[in-house]
$ cat protein06.cif   # mmCIF, C-alpha atoms
data_entry
loop_
_atom_site.label_atom_id
_atom_site.label_comp_id
_atom_site.auth_asym_id
_atom_site.auth_seq_id
_atom_site.Cartn_x
_atom_site.Cartn_y
_atom_site.Cartn_z
CA MET A 67 0.00 0.00 0.00
CA ARG A 68 1.34 3.41 -0.96
CA MET A 69 1.74 6.11 1.65
CA LEU A 70 -0.02 9.43 1.34
CA ARG A 71 2.24 12.16 0.03
CA VAL A 72 3.54 14.15 2.98
CA PRO A 73 6.51 16.36 2.05
CA LEU A 74 9.18 16.10 4.72
CA SER A 75 10.37 19.42 6.13
CA ILE A 76 13.98 19.76 7.19
CA GLY A 77 12.89 20.62 10.72
CA VAL A 78 10.89 17.41 11.05
CA LEU A 79 13.73 15.41 9.48
CA LEU A 80 16.32 16.78 11.90
CA ALA A 81 14.03 16.13 14.83
CA LEU A 82 13.49 12.54 13.74
CA VAL A 83 17.18 11.94 13.14
CA GLY A 84 17.98 13.46 16.51
CA ALA A 85 20.59 15.93 15.32
CA PRO A 86 20.79 19.69 15.67
CA PRO A 87 20.64 21.74 12.47
CA ALA A 88 23.99 21.98 10.71
CA GLN A 89 25.94 25.19 11.20
CA GLY A 90 26.38 25.51 7.48
CA CYS A 91 29.37 25.79 5.21
CA ALA A 92 29.58 29.53 4.63
CA ALA A 93 31.38 30.27 1.37
CA PRO A 94 32.49 33.77 0.38
CA GLN A 95 29.64 35.78 -1.12
CA ALA A 96 31.61 36.53 -4.28
CA LEU A 97 32.03 32.81 -4.96
CA VAL A 98 28.32 32.12 -4.46
CA SER A 99 27.27 35.14 -6.55
CA GLY A 100 29.51 34.13 -9.43
CA MET A 101 28.16 30.58 -9.48
CA LEU A 102 24.56 31.80 -9.31
CA GLN A 103 25.16 34.07 -12.27
CA ARG A 104 26.69 31.24 -14.28
CA LEU A 105 23.75 28.98 -13.49
CA GLU A 106 21.22 31.63 -14.42
CA GLY A 107 23.13 32.33 -17.62
CA SER A 108 22.94 28.67 -18.60
CA VAL A 109 19.12 28.79 -18.80
CA LEU A 110 18.17 29.50 -22.41
CA GLU A 111 14.85 29.30 -24.21
CA ASP A 112 16.19 26.93 -26.86
CA ALA A 113 18.32 24.74 -24.55
CA ARG A 114 17.32 21.46 -22.94
CA PRO A 115 16.25 22.22 -19.34
CA ASN A 116 18.32 20.88 -16.46
CA PRO A 117 16.38 20.06 -13.26
CA SER A 118 19.60 20.15 -11.20
CA VAL A 119 19.94 23.83 -12.10
CA LEU A 120 16.44 24.75 -10.91
CA LEU A 121 16.94 22.75 -7.71
CA ALA A 122 20.19 24.62 -6.97
CA LEU A 123 18.74 28.02 -7.85
CA ASN A 124 15.85 27.43 -5.45
CA LEU A 125 18.10 26.19 -2.64
CA ALA A 126 20.66 28.96 -3.02
CA GLY A 127 18.23 31.82 -3.63
CA ALA A 128 18.34 32.90 -7.25
CA SER A 129 18.16 36.60 -8.00
CA SER A 130 16.21 36.22 -11.26
CA ARG A 131 12.58 35.14 -10.92
CA HIS A 132 12.26 35.22 -14.70
CA VAL A 133 14.93 32.53 -15.05
CA GLN A 134 13.27 30.32 -12.44
CA LYS A 135 9.84 30.64 -14.06
CA LEU A 136 11.23 29.92 -17.53
CA LEU A 137 13.12 26.85 -16.33
CA LEU A 138 10.15 25.56 -14.32
CA GLN A 139 7.89 25.78 -17.37
CA GLN A 140 10.49 24.07 -19.55
CA LEU A 141 10.81 21.22 -17.05
CA LYS A 142 7.04 20.76 -16.86
CA GLU A 143 6.91 20.47 -20.65
CA GLU A 144 9.80 18.01 -20.58
CA ALA A 145 8.00 15.98 -17.93
CA VAL A 146 4.70 15.58 -19.77
CA GLU A 147 6.46 14.79 -23.04
CA ARG A 148 9.16 12.36 -21.88
CA ALA A 149 8.61 11.03 -18.35
CA GLN A 150 6.55 8.04 -19.46
CA LYS A 151 8.63 7.34 -22.55
CA ASP A 152 12.41 7.48 -22.36
CA MET A 153 13.49 8.93 -19.00
CA ALA A 154 15.77 6.95 -16.69
CA SER A 155 14.58 6.72 -13.10
CA GLY A 156 17.19 9.22 -11.94
CA GLU A 157 15.98 11.81 -14.46
CA VAL A 158 12.44 11.48 -13.14
CA ALA A 159 13.73 11.72 -9.56
CA LEU A 160 15.60 14.95 -10.32
CA LEU A 161 12.45 16.40 -11.86
CA VAL A 162 10.57 15.54 -8.67
CA LEU A 163 13.20 17.28 -6.53
CA ALA A 164 13.15 20.36 -8.77
CA LEU A 165 9.36 20.55 -8.59
CA LEU A 166 9.28 20.06 -4.82
CA SER A 167 11.82 22.86 -4.41
CA SER A 168 9.48 25.08 -6.47
CA CYS A 169 6.49 24.17 -4.27
CA GLN A 170 4.90 22.30 -7.17
CA ASP A 171 2.98 19.03 -6.82
CA PRO A 172 4.85 16.29 -8.74
CA GLN A 173 1.65 14.22 -8.78
CA GLN A 174 -0.10 16.79 -10.95
CA VAL A 175 2.31 18.17 -13.52
CA GLN A 176 0.47 19.99 -16.28
CA ALA A 177 1.79 21.56 -19.48
CA LEU A 178 0.98 21.68 -23.19
CA GLY A 179 -2.52 20.44 -22.44
CA LEU A 180 -1.12 17.23 -20.94
CA SER A 181 -0.77 15.92 -17.40
CA VAL A 182 1.49 13.37 -15.67
CA ASP A 183 1.87 11.94 -12.18
CA LEU A 184 5.65 11.92 -11.76
CA LEU A 185 5.53 10.15 -8.41
CA HIS A 186 3.67 7.22 -9.95
CA VAL A 187 6.20 7.11 -12.81
CA LEU A 188 9.06 7.26 -10.33
CA GLN A 189 7.66 4.48 -8.15
CA GLN A 190 7.34 2.20 -11.17
CA ALA A 191 10.86 3.05 -12.36
CA THR A 192 12.29 2.41 -8.88
CA ASP A 193 10.51 -0.95 -8.73
CA GLU A 194 12.19 -1.87 -12.03
CA GLU A 195 15.61 -0.87 -10.64
CA LEU A 196 15.12 -3.05 -7.55
CA ALA A 197 13.72 -5.97 -9.54
CA ASN A 198 16.80 -5.92 -11.74
CA MET A 199 19.03 -5.88 -8.65
CA GLU A 200 17.26 -8.94 -7.29
CA VAL A 201 17.65 -10.90 -10.52
CA GLU A 202 21.01 -9.69 -11.89
CA GLY A 203 22.69 -8.16 -8.86
CA VAL A 204 22.82 -4.69 -10.44
CA PRO A 205 20.13 -2.05 -10.99
CA LYS A 206 18.57 -1.42 -14.37
CA THR A 207 20.61 1.79 -14.68
CA THR A 208 22.97 2.78 -11.84
CA LEU A 209 23.10 2.81 -8.05
CA TYR A 210 23.46 6.59 -8.26
CA ASN A 211 20.01 6.71 -9.85
CA VAL A 212 18.63 4.41 -7.15
CA GLY A 213 19.94 6.86 -4.56
CA LEU A 214 18.20 9.73 -6.33
CA ASP A 215 15.02 7.66 -6.54
CA ALA A 216 15.01 6.83 -2.83
CA LEU A 217 15.73 10.44 -1.84
CA SER A 218 12.94 11.87 -4.01
CA LEU A 219 10.36 9.30 -2.91
CA CYS A 220 11.29 9.85 0.72
CA LEU A 221 11.05 13.64 0.53
CA ALA A 222 7.73 13.35 -1.31
CA GLY A 223 6.43 10.97 1.36
CA VAL A 224 5.35 8.12 -0.91
CA GLY A 225 6.18 4.43 -0.73
CA GLY A 226 9.18 2.65 -2.19
CA TYR A 227 12.05 4.54 -0.61
CA GLN A 228 12.64 2.23 2.36
CA GLU A 229 13.28 -0.89 0.28
CA ALA A 230 15.56 1.09 -2.03
CA SER A 231 17.46 2.54 0.95
CA VAL A 232 17.97 -0.90 2.46
CA GLU A 233 19.47 -2.15 -0.80
CA LEU A 234 21.68 0.93 -1.00
CA ALA A 235 22.90 0.41 2.56
CA LYS A 236 23.84 -3.17 1.78
CA GLU A 237 25.81 -2.04 -1.27
CA LEU A 238 27.57 0.66 0.75
CA LEU A 239 28.66 -1.94 3.30
CA SER A 240 29.75 -4.53 0.73
CA PRO A 241 33.57 -4.80 0.59
CA SER A 242 33.36 -6.25 -2.93
CA SER A 243 31.40 -3.29 -4.26
CA PRO A 244 33.66 -0.21 -4.63
CA LEU A 245 31.41 2.75 -5.37
CA SER A 246 32.21 6.22 -6.63
CA VAL A 247 32.08 9.20 -4.28
CA ASP A 248 29.07 10.55 -6.19
CA THR A 249 27.15 7.31 -5.71
CA ARG A 250 28.02 7.02 -2.02
CA ALA A 251 27.11 10.66 -1.37
CA MET A 252 23.75 10.46 -3.11
CA ALA A 253 22.99 7.20 -1.29
CA ALA A 254 23.91 8.88 2.00
CA LEU A 255 21.43 11.70 1.40
CA ALA A 256 18.71 9.13 0.72
CA LEU A 257 19.62 7.13 3.82
CA VAL A 258 19.52 10.21 6.07
CA CYS A 259 15.99 10.90 4.87
CA THR A 260 14.88 7.29 5.32
CA TYR A 261 16.49 7.08 8.77
CA GLY A 262 14.29 9.98 9.84
CA ARG A 263 11.18 8.32 8.41
CA THR A 264 11.36 4.70 9.51
CA ASP A 265 10.53 3.31 12.95
CA LEU A 266 11.92 -0.17 12.23
CA HIS A 267 14.89 -0.66 14.56
CA ASP A 268 16.70 -3.18 12.34
CA VAL A 269 16.42 -0.85 9.37
CA ARG A 270 17.66 2.12 11.39
CA ASP A 271 20.62 0.08 12.65
CA LEU A 272 21.53 -0.89 9.08
CA LEU A 273 21.21 2.67 7.81
CA GLN A 274 23.23 4.04 10.74
CA GLU A 275 26.07 1.60 10.07
CA ALA A 276 26.12 2.47 6.37
CA LEU A 277 26.00 6.22 7.04
CA SER A 278 28.79 5.98 9.59
CA THR A 279 30.92 4.02 7.11
CA VAL A 280 30.35 6.45 4.24
CA THR A 281 30.81 9.69 6.15
CA ASN A 282 33.85 8.55 8.11
CA GLY A 283 35.32 7.35 4.82
CA PHE A 284 34.78 10.82 3.35
CA LEU A 285 36.43 12.46 6.36
CA ASP A 286 39.40 10.09 6.13
CA GLU A 287 39.84 10.83 2.44
CA GLN A 288 39.58 14.58 2.95
CA GLU A 289 42.27 14.45 5.65
CA GLU A 290 44.57 12.28 3.54
CA ARG A 291 44.19 14.33 0.35
CA GLY A 292 44.31 17.85 1.71
CA GLY A 293 40.62 18.58 1.39
CA LEU A 294 39.69 16.64 -1.76
CA ILE A 295 37.06 13.89 -1.69
CA GLY A 296 37.00 11.90 -4.91
CA ASN A 297 37.62 14.48 -7.63
CA ILE A 298 36.71 18.13 -7.87
CA TYR A 299 33.34 17.31 -9.44
CA SER A 300 32.30 14.95 -6.65
CA MET A 301 32.95 17.55 -3.94
CA GLY A 302 29.48 19.08 -4.13
CA LEU A 303 27.56 15.93 -3.24
CA ALA A 304 30.20 14.81 -0.73
CA MET A 305 29.90 18.14 1.07
CA GLN A 306 26.11 17.84 1.07
CA ALA A 307 26.38 14.37 2.60
CA LEU A 308 28.73 15.56 5.34
CA GLU A 309 26.55 18.62 5.93
CA SER A 310 23.45 16.51 6.53
CA ALA A 311 24.87 13.47 8.34
CA GLY A 312 26.89 14.93 11.22
CA ARG A 313 25.13 12.67 13.71
CA PHE A 314 26.61 9.61 12.05
CA TYR A 315 30.28 10.61 12.28
CA ALA A 316 30.10 12.35 15.67
CA PRO A 317 32.12 13.04 17.76
CA ARG A 318 34.42 13.69 14.80
CA GLN A 319 34.26 17.17 13.31
CA TRP A 320 34.18 18.03 9.62
CA ASP A 321 36.73 20.62 8.53
CA CYS A 322 34.40 22.44 6.18
CA SER A 323 36.87 25.28 5.60
CA GLN A 324 39.40 22.84 4.15
CA ALA A 325 36.82 21.55 1.66
CA LEU A 326 35.85 25.12 0.77
CA SER A 327 39.45 26.04 0.07
CA VAL A 328 39.70 23.19 -2.44
CA VAL A 329 36.56 24.07 -4.40
CA SER A 330 37.35 27.80 -4.27
CA GLU A 331 40.53 27.20 -6.27
CA HIS A 332 38.66 25.61 -9.20
CA HIS A 333 36.75 27.51 -11.87
CA PHE A 334 33.58 25.47 -12.39
CA GLN A 335 31.98 25.80 -15.81
CA LEU A 336 29.52 22.91 -16.21
CA PRO A 337 26.04 23.83 -14.92
CA THR A 338 25.49 20.39 -13.39
CA ALA A 339 28.75 20.57 -11.44
CA ILE A 340 27.87 24.04 -10.16
CA ALA A 341 24.34 22.90 -9.32
CA GLN A 342 25.59 20.08 -7.10
CA LEU A 343 28.10 22.30 -5.31
CA LEU A 344 26.12 25.49 -4.82
CA PRO A 345 23.67 24.22 -2.15
CA ALA A 346 26.57 23.13 0.05
CA LEU A 347 28.20 26.54 -0.31
CA VAL A 348 25.16 28.17 1.32
CA GLY A 349 24.83 25.49 4.00
CA ARG A 350 21.98 23.60 2.38
CA THR A 351 21.41 20.14 0.91
CA TYR A 352 18.95 18.35 -1.36
CA LEU A 353 17.18 17.20 1.82
CA GLU A 354 15.64 20.68 2.04
CA ALA A 355 14.06 20.52 -1.42
CA GLY A 356 10.57 19.95 -0.02
CA SER A 357 10.64 22.55 2.75
CA LEU A 358 11.51 25.85 1.07
CA ASP A 359 9.41 28.99 1.55
CA CYS A 360 8.22 29.72 -1.97
CA SER A 361 6.53 32.95 -0.88
CA SER A 362 9.94 34.44 -0.19
CA VAL A 363 11.46 36.55 -2.95
CA THR A 364 14.96 35.37 -2.06
CA ARG A 365 15.30 32.12 -0.15
CA ALA A 366 18.93 32.58 0.83
CA SER A 367 19.83 35.37 3.19
CA ARG A 368 22.33 36.89 0.80
CA SER A 369 22.42 40.18 -1.08
CA LEU A 370 23.68 39.10 -4.45
CA GLN A 371 25.55 41.72 -6.43
CA PRO A 372 26.84 41.35 -9.99
CA SER A 373 30.49 40.46 -10.18
CA PRO A 374 32.87 43.06 -11.60
CA ALA A 375 33.35 40.90 -14.68
CA ALA A 376 29.62 40.73 -15.34
CA SER A 377 29.19 44.46 -14.76
CA ALA A 378 32.01 45.24 -17.17
CA GLY A 379 30.55 42.95 -19.82
CA THR A 380 33.55 40.62 -19.81
CA ALA A 381 31.75 37.47 -18.67
CA ALA A 382 31.79 34.63 -21.16
CA PRO A 383 28.62 34.11 -23.24
CA HIS A 384 25.74 32.59 -21.26
CA GLY A 385 27.90 32.51 -18.12
CA MET A 386 29.48 29.25 -19.20
CA GLY A 387 33.13 30.11 -19.83
CA ALA A 388 35.99 31.65 -17.93
CA PRO A 389 35.57 35.38 -17.30
CA GLY A 390 37.58 37.80 -19.37
CA ARG A 391 41.09 38.64 -18.21
CA GLY A 392 41.30 42.22 -19.48
CA ALA A 393 40.23 44.73 -22.05
CA ALA A 394 42.78 43.78 -24.70
CA PRO A 395 41.31 41.61 -27.46
CA SER A 396 42.63 38.08 -27.57
CA MET A 397 44.42 36.76 -30.63
CA PRO A 398 42.99 33.78 -32.50
CA LEU A 399 44.23 30.54 -30.96
CA SER A 400 45.89 29.45 -34.18
CA LEU A 401 48.05 32.60 -34.17
CA ALA A 402 48.65 33.06 -30.45
CA ALA A 403 49.47 29.49 -29.47
CA ALA A 404 52.38 27.35 -30.58
CA PRO A 405 51.54 23.77 -31.58
CA ILE A 406 51.80 20.91 -29.11
CA THR A 407 51.88 17.16 -29.70
CA VAL A 408 49.45 14.86 -27.92
CA GLN A 409 49.75 11.09 -28.09
CA LEU A 410 46.29 9.54 -28.54
CA SER A 411 45.48 5.84 -28.13
CA ILE A 412 42.13 4.11 -28.60
CA ILE A 413 41.90 0.65 -27.05
CA ASN A 414 39.25 -2.08 -27.01
CA LYS A 415 40.10 -5.36 -25.30
CA LEU A 416 36.59 -5.91 -24.03
CA GLN A 417 34.14 -6.62 -26.82
CA GLY A 418 34.00 -7.96 -30.37
CA LYS A 419 37.17 -7.68 -32.44
CA HIS A 420 39.85 -6.18 -30.19
CA PHE A 421 41.90 -3.23 -31.42
CA SER A 422 44.55 -0.79 -30.28
CA PHE A 423 45.62 2.23 -32.31
CA SER A 424 47.91 5.14 -31.49
CA THR A 425 48.77 8.38 -33.22
CA ALA A 426 50.58 11.64 -32.53
CA VAL A 427 48.28 14.64 -32.97
CA GLN A 428 49.45 18.23 -33.40
CA VAL A 429 47.09 20.94 -32.15
CA PRO A 430 47.51 24.54 -30.92
CA ALA A 431 48.42 24.86 -27.25
CA GLY A 432 45.29 25.30 -25.17
CA SER A 433 43.20 22.98 -27.34
CA THR A 434 40.66 20.77 -25.63
CA LEU A 435 40.66 17.00 -25.83
CA LEU A 436 37.61 17.24 -28.06
CA GLU A 437 39.71 19.24 -30.52
CA VAL A 438 42.46 16.62 -30.30
CA LEU A 439 39.92 13.93 -31.17
CA GLU A 440 38.62 16.01 -34.06
CA ALA A 441 42.15 16.50 -35.42
CA ALA A 442 42.85 12.77 -35.23
CA ALA A 443 39.58 11.95 -36.98
CA GLU A 444 40.36 14.47 -39.71
CA GLU A 445 43.77 12.90 -40.33
CA ASP A 446 42.50 9.29 -40.32
CA PRO A 447 38.69 9.01 -40.20
CA THR A 448 38.77 5.26 -40.85
CA VAL A 449 40.44 4.65 -37.48
CA TYR A 450 39.65 7.65 -35.28
CA SER A 451 36.11 8.61 -36.22
CA PHE A 452 33.93 9.20 -33.17
CA GLN A 453 30.47 10.34 -32.14
CA THR A 454 29.30 12.47 -29.23
CA GLU A 455 26.12 13.25 -27.33
CA GLN A 456 25.22 16.25 -25.23
CA THR A 457 24.44 15.42 -21.60
CA SER A 458 23.88 17.43 -18.43
CA TRP A 459 27.61 16.94 -17.78
CA GLY A 460 28.59 18.33 -21.18
CA THR A 461 29.82 16.57 -24.31
CA MET A 462 30.16 12.80 -23.95
CA VAL A 463 31.98 10.57 -26.44
CA VAL A 464 29.67 7.62 -27.05
CA SER A 465 31.39 5.88 -29.96
CA ILE A 466 34.94 5.53 -31.31
CA HIS A 467 36.06 3.46 -34.31
CA GLY A 468 32.45 2.35 -34.77
CA LEU A 469 32.22 0.87 -31.26
CA ALA A 470 29.55 2.46 -29.08
CA GLY A 471 28.93 2.22 -25.37
CA ASN A 472 25.70 0.57 -24.35
CA ALA A 473 23.63 0.91 -21.20
CA ALA A 474 22.37 -2.65 -21.51
CA ASP A 475 25.86 -4.15 -21.19
CA ARG A 476 27.11 -1.20 -19.08
CA THR A 477 29.94 -0.21 -21.42
CA TYR A 478 31.42 3.23 -22.14
CA TRP A 479 34.56 4.98 -23.34
CA ARG A 480 36.83 5.90 -20.45
CA PHE A 481 39.50 8.57 -20.92
CA LEU A 482 42.80 8.48 -19.06
CA SER A 483 45.97 10.52 -18.92
CA GLY A 484 48.62 7.88 -18.45
CA SER A 485 46.94 5.64 -15.87
CA ASP A 486 44.78 8.33 -14.23
CA ALA A 487 41.15 8.87 -15.17
CA LEU A 488 40.41 12.38 -16.39
CA GLN A 489 38.48 14.62 -14.01
CA GLU A 490 37.03 16.80 -16.77
CA GLY A 491 35.04 16.05 -19.90
CA VAL A 492 36.48 16.08 -23.40
CA ALA A 493 35.15 19.58 -24.12
CA LEU A 494 36.91 21.04 -21.06
CA TYR A 495 40.09 19.04 -20.54
CA LYS A 496 43.18 20.59 -22.15
CA PRO A 497 46.08 18.15 -22.70
CA GLN A 498 49.65 19.29 -22.28
CA ASP A 499 52.50 18.93 -24.75
CA GLY A 500 53.72 15.33 -24.81
CA GLU A 501 50.76 14.01 -22.80
CA HIS A 502 49.47 10.51 -23.56
CA ILE A 503 45.67 10.30 -23.65
CA GLN A 504 44.04 6.86 -23.76
CA ALA A 505 40.43 6.13 -24.64
CA VAL A 506 39.69 2.67 -23.26
CA PHE A 507 36.45 0.80 -23.85
CA SER A 508 35.36 -0.16 -20.33
CA THR A 509 32.49 -1.33 -18.10
CA TYR A 510 30.91 0.29 -15.11
#
$ encode --input "protein06.cif" --output "structure tokens"
Amino acid sequence: MRMLRVPLSIGVLLALVGAPPAQGCAAPQALVSGMLQRLEGSVLEDARPNPSVLLALNLAGASSRHVQKLLLQQLKEEAVERAQKDMASGEVALLVLALLSSCQDPQQVQALGLSVDLLHVLQQATDEELANMEVEGVPKTTLYNVGLDALSLCLAGVGGYQEASVELAKELLSPSSPLSVDTRAMAALALVCTYGRTDLHDVRDLLQEALSTVTNGFLDEQEERGGLIGNIYSMGLAMQALESAGRFYAPRQWDCSQALSVVSEHHFQLPTAIAQLLPALVGRTYLEAGSLDCSSVTRASRSLQPSPAASAGTAAPHGMGAPGRGAAPSMPLSLAAAPITVQLSIINKLQGKHFSFSTAVQVPAGSTLLEVLEAAAEEDPTVYSFQTEQTSWGTMVVSIHGLAGNAADRTYWRFLSGSDALQEGVALYKPQDGEHIQAVFSTY
């Protein structure tokens, strides 16, 4: 039997968990303002809407109501057109969180003369994830999506989240199941919510053990790596998890300032990366998505002023690139930058006919990996042709040499520099002269 939808306020959640409200991770106002402006600038009328962006804008207190209204309407249209057709469970879950944070009812989403019950769609999708785990040992998509599913269902107050959280806890405690920081952090957020909802002692004990393991692991890694947890793009969710789960690593203390110093040194460009980080920078987490005051003009107690770059008109188009460095016009890359040589290898030892090819590619200094791939394909399209798709994390290479990744067999193209996985996408990463980039067909 499904539970009635009762959105869970952060005050009720904290009371149930038995922890005082977090003190918050107060980032410098200039850093928060700059990220808000970049997020708002990423919302375009002809661009695919990103629910993570709306969720972050609502949590952090966006300054532009027009942007929020435009994005909310775009997401409603996306929901009625795609939710029951080709959306993964995690996509539906993010839509639910974005709608909850906008004080919208995800059970009655209306747009374009159509209507959809996103919570019903999400419950069905979550059931399919869990059924696949029972039969094959892995979810239909990813454990990250299952974490999103459980969190959204829990915050919305409908059934299905407890079973999903139990499965997540078991995976978190499994020594044979190494999980990414993103996956562990999202699962932790879901488990905190479920811990505050359930009155089953055995379930609470399991969730507490898993949360203690995850959060203490994050603290250990931060101490060992000078503030970094995972990579720079996993910091946002890891900080949210530590922000919300202090009860489970007490009496240890989280050095929030050390984490802030790490993220402050990086110039984030991808809207999804900014959207995951921004709530933590204002002391909030996804757990508050269902308890915001939508009557307030600005939800965050910050007076947001335009950055000097934005005021001077030197910000990159749509807020997506690095701000301008000065008034002098820049020279074309082909004239200003000397050429560099990048060694590129494409390797498949996993599926079908195995292959391994390498080539030396000359490109102007400052070129992205995507431009390296394009140069290699231009020189020898028979070997190095590739295809890309646009995702919420930017450009993703989905096929090389005619071999495409596939969700059904959980394959993808993994990019490495030497033996280290790249921390940025192909459209952002800029190889150095003499660097060896490998594209390896892999499983996840």
$ residues_near_point --input "protein06.cif" --point "(31.4, 2.2, -32.8)" --cutoff "12 Å" --atoms "only C-alpha atoms" --output "list of chain:residue names"
A:Ile412, A:Asn414, A:Gln417, A:Gly418, A:Lys419, A:Phe421, A:Thr448, A:Val449, A:Tyr450, A:Ser451, A:Phe452, A:Gln453, A:Thr454, A:Val463, A:Val464, A:Ser465, A:Ile466, A:His467, A:Gly468, A:Leu469, A:Ala470, A:Gly471, A:Asn472, A:Thr477, A:Tyr478, A:Trp479, A:Phe507
$ residues_near_point --input "protein06.cif" --point "(-0.6, 20.3, -14.6)" --cutoff "12 Å" --atoms "all atoms listed in the file" --output "PDB file with C-alpha atoms, keeping the file's coordinate frame"
ATOM      1  CA  LEU A 138      10.150  25.560 -14.320  1.00  0.00           C
ATOM      2  CA  GLN A 139       7.890  25.780 -17.370  1.00  0.00           C
ATOM      3  CA  LEU A 141      10.810  21.220 -17.050  1.00  0.00           C
ATOM      4  CA  LYS A 142       7.040  20.760 -16.860  1.00  0.00           C
ATOM      5  CA  GLU A 143       6.910  20.470 -20.650  1.00  0.00           C
ATOM      6  CA  ALA A 145       8.000  15.980 -17.930  1.00  0.00           C
ATOM      7  CA  VAL A 146       4.700  15.580 -19.770  1.00  0.00           C
ATOM      8  CA  LEU A 165       9.360  20.550  -8.590  1.00  0.00           C
ATOM      9  CA  GLN A 170       4.900  22.300  -7.170  1.00  0.00           C
ATOM     10  CA  ASP A 171       2.980  19.030  -6.820  1.00  0.00           C
ATOM     11  CA  PRO A 172       4.850  16.290  -8.740  1.00  0.00           C
ATOM     12  CA  GLN A 173       1.650  14.220  -8.780  1.00  0.00           C
ATOM     13  CA  GLN A 174      -0.100  16.790 -10.950  1.00  0.00           C
ATOM     14  CA  VAL A 175       2.310  18.170 -13.520  1.00  0.00           C
ATOM     15  CA  GLN A 176       0.470  19.990 -16.280  1.00  0.00           C
ATOM     16  CA  ALA A 177       1.790  21.560 -19.480  1.00  0.00           C
ATOM     17  CA  LEU A 178       0.980  21.680 -23.190  1.00  0.00           C
ATOM     18  CA  GLY A 179      -2.520  20.440 -22.440  1.00  0.00           C
ATOM     19  CA  LEU A 180      -1.120  17.230 -20.940  1.00  0.00           C
ATOM     20  CA  SER A 181      -0.770  15.920 -17.400  1.00  0.00           C
ATOM     21  CA  VAL A 182       1.490  13.370 -15.670  1.00  0.00           C
ATOM     22  CA  ASP A 183       1.870  11.940 -12.180  1.00  0.00           C
ATOM     23  CA  LEU A 184       5.650  11.920 -11.760  1.00  0.00           C
TER      24      LEU A 184
END
$ atom_distance --input "protein06.cif" --atom1 "CA of Val187 in chain A" --atom2 "CA of Val232 in chain A"
20.9 Å
$ closest_residue --input "protein06.cif" --among "A:Pro405, A:Gly283, A:Gly491, A:Gly484" --to "Thr461 in chain A" --atoms "all atoms listed in the file"
A:Gly491
$ closest_residue --input "protein06.cif" --among "A:Leu435, A:Ala254, A:Leu344, A:Ala122" --to "Leu238 in chain A" --atoms "only C-alpha atoms"
A:Ala254
$ axis_aligned_box --input "protein06.cif" --around "range 257-276 of chain A" --padding-each-side "8 Å" --output "lines of an AutoDock Vina configuration file"
center_x = 18.3
center_y = 3.9
center_z = 9.2
size_x = 31.6
size_y = 30.1
size_z = 26.7
$ resolve_selection --input "protein06.cif" --expression "the PyMOL selection byres ((chain A and resi 352-356) around 8)" --output "PyMOL selection string"
chain A and resi 73-76+121+125+163-164+166-167+169+217+221-222+255+259+306+310+345+350-351+357-358
$ residues_around --input "protein06.cif" --residues "Gln189 in chain A" --least-positions-apart "4" --cutoff "12 Å" --atoms "only C-alpha atoms" --output "VMD selection string"
chain A and resid 68 to 69 150 155 to 156 158 to 159 162 173 183 to 185 193 to 196 212 214 to 220 222 to 230
$ closest_residue --input "protein06.cif" --among "A:Val429, A:Val133, A:Cys91, A:Val98" --to "Pro115 in chain A" --atoms "all atoms listed in the file"
A:Val133
$ resolve_selection --input "protein06.cif" --expression "the PyMOL selection byres ((chain A and resi 347) around 9)" --output "list in words"
Gly90, Cys91, Ala92, Ala93, Pro94, Leu97, Val98, Ala126, Gly302, Met305, Leu326, Leu343, Leu344, Pro345, Ala346, Val348, Gly349 and Arg350 of chain A
$ residues_around --input "protein06.cif" --residues "range 294-297 of chain A" --least-positions-apart "5" --cutoff "8 Å" --atoms "all atoms listed in the file" --output "ChimeraX atom specification"
/A:246-247,284,287-288,304,325,328,489
$ write_last_selection --input "protein06.cif" --atoms "C-alpha atoms" --output "PDB file, in the frame of the given file"
ATOM      1  CA  SER A 246      32.210   6.220  -6.630  1.00  0.00           C
ATOM      2  CA  VAL A 247      32.080   9.200  -4.280  1.00  0.00           C
ATOM      3  CA  PHE A 284      34.780  10.820   3.350  1.00  0.00           C
ATOM      4  CA  GLU A 287      39.840  10.830   2.440  1.00  0.00           C
ATOM      5  CA  GLN A 288      39.580  14.580   2.950  1.00  0.00           C
ATOM      6  CA  ALA A 304      30.200  14.810  -0.730  1.00  0.00           C
ATOM      7  CA  ALA A 325      36.820  21.550   1.660  1.00  0.00           C
ATOM      8  CA  VAL A 328      39.700  23.190  -2.440  1.00  0.00           C
ATOM      9  CA  GLN A 489      38.480  14.620 -14.010  1.00  0.00           C
TER      10      GLN A 489
END
$ atom_distance --input "protein06.cif" --atom1 "CA of Ala493 in chain A" --atom2 "CA of Gly460 in chain A"
7.3 Å
$ atom_distance --input "protein06.cif" --atom1 "CA of Thr264 in chain A" --atom2 "CA of Leu277 in chain A"
14.9 Å
